[in-house]
Amino acid sequence: MTMPNRINTALRASIATKEHAAQSLAAPFADASARLITTLQNGGQVLSCGNGGSSGDAQHLASELVNRFESNRMALPAVALSTDSSVLTAIANDSAYTQVFARQVEALGRPGDCLVAFSTSGNSDNVLHAIRAAQARGMWTLAMTGKDGGQLAGLLGPADIELRVPENSTARIQEVHLVIIHALCSDVDAAFAENSNPPHSVASFSGRILHDRELLRQACIYRRPLVFTNGVFDILHRGHVQYLAEARAQGACLVVAVNSDASVRRLGKGADRPINSEDDRMAVLAALQSVDFVTTFDEDTPLQLIEKLQPDVLIKGGDWPVERIVGAREVQARGGRVLSIPFRHERSTTALLQKIRNSRP
Ligand SMILES: O=C(CO)[C@@H](O)[C@H](O)[C@H](O)[C@H](O)COP(=O)(O)O
Ligand SMILES: [Zn+2]
């Protein structure tokens with residue numbers, strides 16, 4: 001009896017699936033790759049999970065992020081949740097197998113991190129629980145699925161991305177997942193290539209400056225209550241630092257929107273203002289512990305930005321009565337709070353500049 005030539009059959013089927021996937025995955029892959037890179041550049045980590053062959057995929061991805069793919073770059077933080085047999089058996093034995101990944105997400109996940117969830121059927125219960133746990137922690141999920149996406153597809157929120165292989169065979173789906181892993185790692189290698197300049201959206205020393213409003217919106221979706229404030233912050237002083245710490249205490253995430261240089265000039269504070277450029281002002285703010293994200297606005301008011309981010313708490317310094325705060329009506333209409341925090345330390349950039357000028361010999 002002659003055996004069928006299975007390798008030829010398998011290779012041909014794999015090629016056909018890959019050709020099909022090449023069309024449907026191009027756009028969501030670009031999105032996923034950009035988000036993954038931003039996550040890592042912002043200091044976030046990757047947690048990956050899956051069952052059976054997909055647990056191997058989860059490990060494969062984590063190993064190539066921690067080590068490298070094809071070129072040298074810094075080590076990147078990634079943990080496959082399918083590897084520690086003591087953790088897995090303890091959770092499965094004492095609680096339930098459905099919790100093996102979710103419990104680890106609760107233990108290790110931080111807001112802004114990425115969960116890469118592999119499930120060819122989209123129906124593995126432990127993967128579904130992991131996604132719910134990730135969402136509860138303010139993480140986003142990159143789901144690698146197949147078939148019709150299963151229950152998993154219905155679970156994903158606006159911050160999540162699904163890369164679905166439109167195919168029914170588990171093996172063929174996994175083969176495409178492996179190609180996706182390598183393509184993602186190739187993009188990550190390039191983004192973190194040695195001697196490469198950090199992209200414009202990322203401060204070299206803080207990683208929390210986001211110029212792209214859509215990326216900022218996505219980063220804030222699950223970081224609630226979201227606190228928003230805006231200002232010039234030209235020469236940072238103790239009053240600012242105290243004010244920002246109090247603002248941060250009002251929620252789970254503080255976004256500070258800084259007037260662009262052009263918009264400061266339009267405020268008419270003086271021909272030499274701002275003293276510090278917008279890039280410098282943002283970098284100083286981003287280094288503060290109380291500040292989660294810094295962005296900029298070039299319009300006369302931050303209203304468009306407020307409408308885009310939909311903060312839960314809108315704050316300005318004590319000299320602004322609530323009714324005059326730009327965006328107050330919009331935030332209150334959504335059930336949010338608007339606060340005017342009194343300055344506890346009487347300092348001001350204008351007064352500081354006056355003092356410096358007066359001290360000239
Ligand atoms: O590798 C294979 C099949 O190629 C199997 O081990 C397969 O991964 C297992 O049956 C998994 O339990 C399937 O889970 P899922 O992809 O449906 O989430
Ligand atoms: Zn397999």
# chains A, B, ... in the order shown; residues from 1 in each chain; ligands from 1
>>> residues_near_ligand(ligand="ligand 1", cutoff="10 Å", atoms="only C-alpha atoms and all ligand atoms", output="ChimeraX atom specification")
/A:49-57,117-128,144-147,149-150,152,169-175
>>> residues_around(residues="Ala26 in chain A", least_positions_apart="6", cutoff="12 Å", atoms="only C-alpha atoms", output="PyMOL selection string")
chain A and resi 18-20+32-33+163-165+180+183-184
>>> residues_around(residues="range 88-104 of chain A", least_positions_apart="3", cutoff="6 Å", atoms="only C-alpha atoms", output="PyMOL selection string")
chain A and resi 85+107-108+125-126+129-130+133
>>> write_last_selection(atoms="N, CA and C atoms", output="PDB file, in the first residue's frame")
ATOM      1  N   SER A  85       4.877  25.233  35.615  1.00  0.00           N
ATOM      2  CA  SER A  85       3.992  24.115  35.984  1.00  0.00           C
ATOM      3  C   SER A  85       3.514  24.219  37.435  1.00  0.00           C
ATOM      4  N   ALA A 107      -2.059  38.830  38.602  1.00  0.00           N
ATOM      5  CA  ALA A 107      -0.819  38.986  39.374  1.00  0.00           C
ATOM      6  C   ALA A 107       0.204  39.873  38.664  1.00  0.00           C
ATOM      7  N   LEU A 108       0.291  39.740  37.344  1.00  0.00           N
ATOM      8  CA  LEU A 108       1.405  40.375  36.623  1.00  0.00           C
ATOM      9  C   LEU A 108       1.005  41.579  35.774  1.00  0.00           C
ATOM     10  N   ASP A 125     -12.021  28.373  27.315  1.00  0.00           N
ATOM     11  CA  ASP A 125     -12.518  29.129  28.466  1.00  0.00           C
ATOM     12  C   ASP A 125     -11.424  29.874  29.225  1.00  0.00           C
ATOM     13  N   ASN A 126     -10.273  29.206  29.377  1.00  0.00           N
ATOM     14  CA  ASN A 126      -9.218  29.865  30.166  1.00  0.00           C
ATOM     15  C   ASN A 126      -8.670  31.096  29.432  1.00  0.00           C
ATOM     16  N   HIS A 129     -11.295  33.876  29.966  1.00  0.00           N
ATOM     17  CA  HIS A 129     -11.156  34.474  31.302  1.00  0.00           C
ATOM     18  C   HIS A 129      -9.935  35.396  31.369  1.00  0.00           C
ATOM     19  N   ALA A 130      -8.868  34.999  30.691  1.00  0.00           N
ATOM     20  CA  ALA A 130      -7.656  35.839  30.699  1.00  0.00           C
ATOM     21  C   ALA A 130      -7.958  37.195  30.067  1.00  0.00           C
ATOM     22  N   ALA A 133      -9.874  39.319  32.470  1.00  0.00           N
ATOM     23  CA  ALA A 133      -8.977  39.811  33.531  1.00  0.00           C
ATOM     24  C   ALA A 133      -8.104  40.940  33.001  1.00  0.00           C
TER      25      ALA A 133
END
>>> closest_residue(among="A:Asp160, A:Ser260, A:Leu178, A:Arg223", to="ligand 2", atoms="only C-alpha atoms and all ligand atoms")
A:Leu178
>>> residues_around(residues="Asn276 in chain A", least_positions_apart="3", cutoff="12 Å", atoms="only C-alpha atoms", output="ChimeraX atom specification")
/A:232-236,258-261,264,272-273,279-284,349
>>> residues_around(residues="His237 in chain A", least_positions_apart="5", cutoff="9 Å", atoms="only C-alpha atoms", output="VMD selection string")
chain A and resid 242 347 to 349 352
>>> write_last_selection(atoms="N, CA and C atoms", output="PDB file, in the first residue's frame")
ATOM      1  N   GLN A 242       2.702  70.243  43.171  1.00  0.00           N
ATOM      2  CA  GLN A 242       1.680  69.945  44.179  1.00  0.00           C
ATOM      3  C   GLN A 242       0.308  69.801  43.507  1.00  0.00           C
ATOM      4  N   ARG A 347       3.318  80.341  43.865  1.00  0.00           N
ATOM      5  CA  ARG A 347       4.446  80.502  42.956  1.00  0.00           C
ATOM      6  C   ARG A 347       3.842  80.784  41.578  1.00  0.00           C
ATOM      7  N   SER A 348       4.547  81.461  40.748  1.00  0.00           N
ATOM      8  CA  SER A 348       4.094  81.541  39.362  1.00  0.00           C
ATOM      9  C   SER A 348       5.310  81.781  38.482  1.00  0.00           C
ATOM     10  N   THR A 349       5.199  81.272  37.265  1.00  0.00           N
ATOM     11  CA  THR A 349       6.308  81.413  36.331  1.00  0.00           C
ATOM     12  C   THR A 349       6.601  82.890  36.090  1.00  0.00           C
ATOM     13  N   LEU A 352       8.447  84.287  38.992  1.00  0.00           N
ATOM     14  CA  LEU A 352       9.820  83.769  39.005  1.00  0.00           C
ATOM     15  C   LEU A 352      10.687  84.514  37.992  1.00  0.00           C
TER      16      LEU A 352
END
>>> closest_residue(among="A:Phe192, A:Trp140, A:Phe228, A:Phe69", to="Glu307 in chain A", atoms="only C-alpha atoms")
A:Phe228
>>> select_by_dssp(residues="range 32-279 of chain A", states="alpha helix (DSSP H)", output="VMD selection string")
chain A and resid 32 to 41 53 to 66 85 to 94 100 to 108 125 to 136 150 to 155 170 to 191 213 to 220 238 to 248 261 to 267 278 to 279
>>> write_last_selection(atoms="C-alpha atoms", output="compact mmCIF listing (two decimals), in the first residue's frame")
# COMPACT_ATOMS: atom_id res chain seq x y z
CA ALA A 32 -1.48 45.28 15.85
CA SER A 33 2.20 45.76 15.11
CA ALA A 34 2.05 49.52 15.73
CA ARG A 35 0.15 49.04 18.99
CA LEU A 36 2.52 46.36 20.22
CA ILE A 37 5.54 48.55 19.52
CA THR A 38 3.94 51.53 21.27
CA THR A 39 3.14 49.34 24.26
CA LEU A 40 6.76 48.23 24.54
CA GLN A 41 8.09 51.75 23.96
CA GLY A 53 -0.04 24.12 20.15
CA SER A 54 -1.08 27.67 21.01
CA SER A 55 0.73 27.46 24.35
CA GLY A 56 3.84 26.78 22.26
CA ASP A 57 3.01 29.85 20.16
CA ALA A 58 2.67 31.93 23.32
CA GLN A 59 6.13 30.78 24.41
CA HIS A 60 7.60 31.29 20.97
CA LEU A 61 6.47 34.92 20.94
CA ALA A 62 7.68 35.63 24.49
CA SER A 63 11.08 34.07 23.82
CA GLU A 64 11.65 36.21 20.74
CA LEU A 65 10.65 39.39 22.54
CA VAL A 66 12.86 38.71 25.57
CA SER A 85 3.99 24.12 35.98
CA SER A 86 3.85 24.96 39.70
CA VAL A 87 1.70 28.02 39.10
CA LEU A 88 -0.49 26.22 36.55
CA THR A 89 -1.10 23.13 38.70
CA ALA A 90 -1.74 25.15 41.85
CA ILE A 91 -4.37 27.32 40.18
CA ALA A 92 -5.98 24.38 38.36
CA ASN A 93 -5.96 22.22 41.49
CA ASP A 94 -7.13 24.78 44.03
CA VAL A 100 -4.90 29.35 35.02
CA PHE A 101 -4.20 32.38 32.81
CA ALA A 102 -6.59 34.89 34.37
CA ARG A 103 -4.99 34.54 37.80
CA GLN A 104 -1.56 35.22 36.33
CA VAL A 105 -2.90 38.25 34.47
CA GLU A 106 -4.23 39.53 37.81
CA ALA A 107 -0.82 38.99 39.37
CA LEU A 108 1.40 40.37 36.62
CA ASP A 125 -12.52 29.13 28.47
CA ASN A 126 -9.22 29.86 30.17
CA VAL A 127 -8.25 32.23 27.33
CA LEU A 128 -11.64 33.98 27.55
CA HIS A 129 -11.16 34.47 31.30
CA ALA A 130 -7.66 35.84 30.70
CA ILE A 131 -9.07 38.45 28.32
CA ARG A 132 -11.69 39.53 30.87
CA ALA A 133 -8.98 39.81 33.53
CA ALA A 134 -6.81 41.86 31.16
CA GLN A 135 -9.68 44.22 30.40
CA ALA A 136 -10.34 44.67 34.12
CA GLY A 150 -15.75 32.02 18.48
CA GLN A 151 -16.89 33.59 21.75
CA LEU A 152 -13.60 35.43 21.96
CA ALA A 153 -14.48 37.75 19.06
CA GLY A 154 -17.59 38.95 20.90
CA LEU A 155 -15.60 39.66 24.05
CA THR A 170 -6.66 24.15 13.66
CA ALA A 171 -3.29 23.11 12.22
CA ARG A 172 -3.51 25.50 9.26
CA ILE A 173 -4.58 28.36 11.56
CA GLN A 174 -1.61 27.69 13.84
CA GLU A 175 0.73 27.73 10.87
CA VAL A 176 -0.41 31.24 10.01
CA HIS A 177 -0.18 32.29 13.67
CA LEU A 178 3.49 31.37 13.53
CA VAL A 179 4.00 33.57 10.47
CA ILE A 180 2.26 36.42 12.33
CA ILE A 181 4.55 35.93 15.35
CA HIS A 182 7.62 36.21 13.16
CA ALA A 183 6.30 39.22 11.27
CA LEU A 184 5.49 41.00 14.55
CA CYS A 185 8.94 40.23 15.94
CA SER A 186 10.52 41.50 12.75
CA ASP A 187 8.71 44.85 13.18
CA VAL A 188 9.69 44.95 16.86
CA ASP A 189 13.35 44.28 16.01
CA ALA A 190 13.27 47.13 13.50
CA ALA A 191 11.58 49.54 15.93
CA ARG A 213 -4.43 61.59 19.82
CA GLU A 214 -5.85 58.27 18.69
CA LEU A 215 -3.04 56.34 20.41
CA LEU A 216 -3.60 58.44 23.52
CA ARG A 217 -7.33 57.76 23.42
CA GLN A 218 -6.69 54.03 23.17
CA ALA A 219 -4.17 54.14 26.02
CA CYS A 220 -6.78 55.84 28.22
CA ARG A 238 6.47 73.68 43.40
CA GLY A 239 2.93 74.97 42.90
CA HIS A 240 2.68 72.97 39.66
CA VAL A 241 4.08 69.80 41.22
CA GLN A 242 1.68 69.95 44.18
CA TYR A 243 -1.25 70.73 41.88
CA LEU A 244 -0.47 67.82 39.54
CA ALA A 245 -0.11 65.39 42.46
CA GLU A 246 -3.52 66.45 43.76
CA ALA A 247 -5.00 66.13 40.27
CA ARG A 248 -3.60 62.62 39.89
CA ASP A 261 4.63 77.02 21.44
CA ALA A 262 2.43 78.73 18.84
CA SER A 263 -0.62 78.63 21.09
CA VAL A 264 1.41 80.06 24.03
CA ARG A 265 2.47 82.96 21.82
CA ARG A 266 -1.18 83.61 21.04
CA LEU A 267 -1.90 83.87 24.78
CA GLU A 278 6.99 72.56 24.01
CA ASP A 279 9.25 69.51 23.68
>>> atom_distance(atom1="CA of Phe293 in chain A", atom2="CA of Thr141 in chain A")
20.5 Å
>>> select_by_dssp(residues="range 180-359 of chain A", states="strand (DSSP E)", output="list in words")
Leu226, Val227, Phe228, Thr229, Asn230, Gly231, Cys253, Leu254, Val255, Val256, Ala257, Val258, Asn259, Phe293, Val294, Thr295, Thr296, Phe297, Val313, Leu314, Ile315, Lys316, Gly317, Arg337, Val338, Leu339, Ser340 and Ile341 of chain A
>>> closest_residue(among="A:Ala287, A:Leu226, A:Val256, A:Ala75", to="Glu194 in chain A", atoms="only C-alpha atoms")
A:Ala75
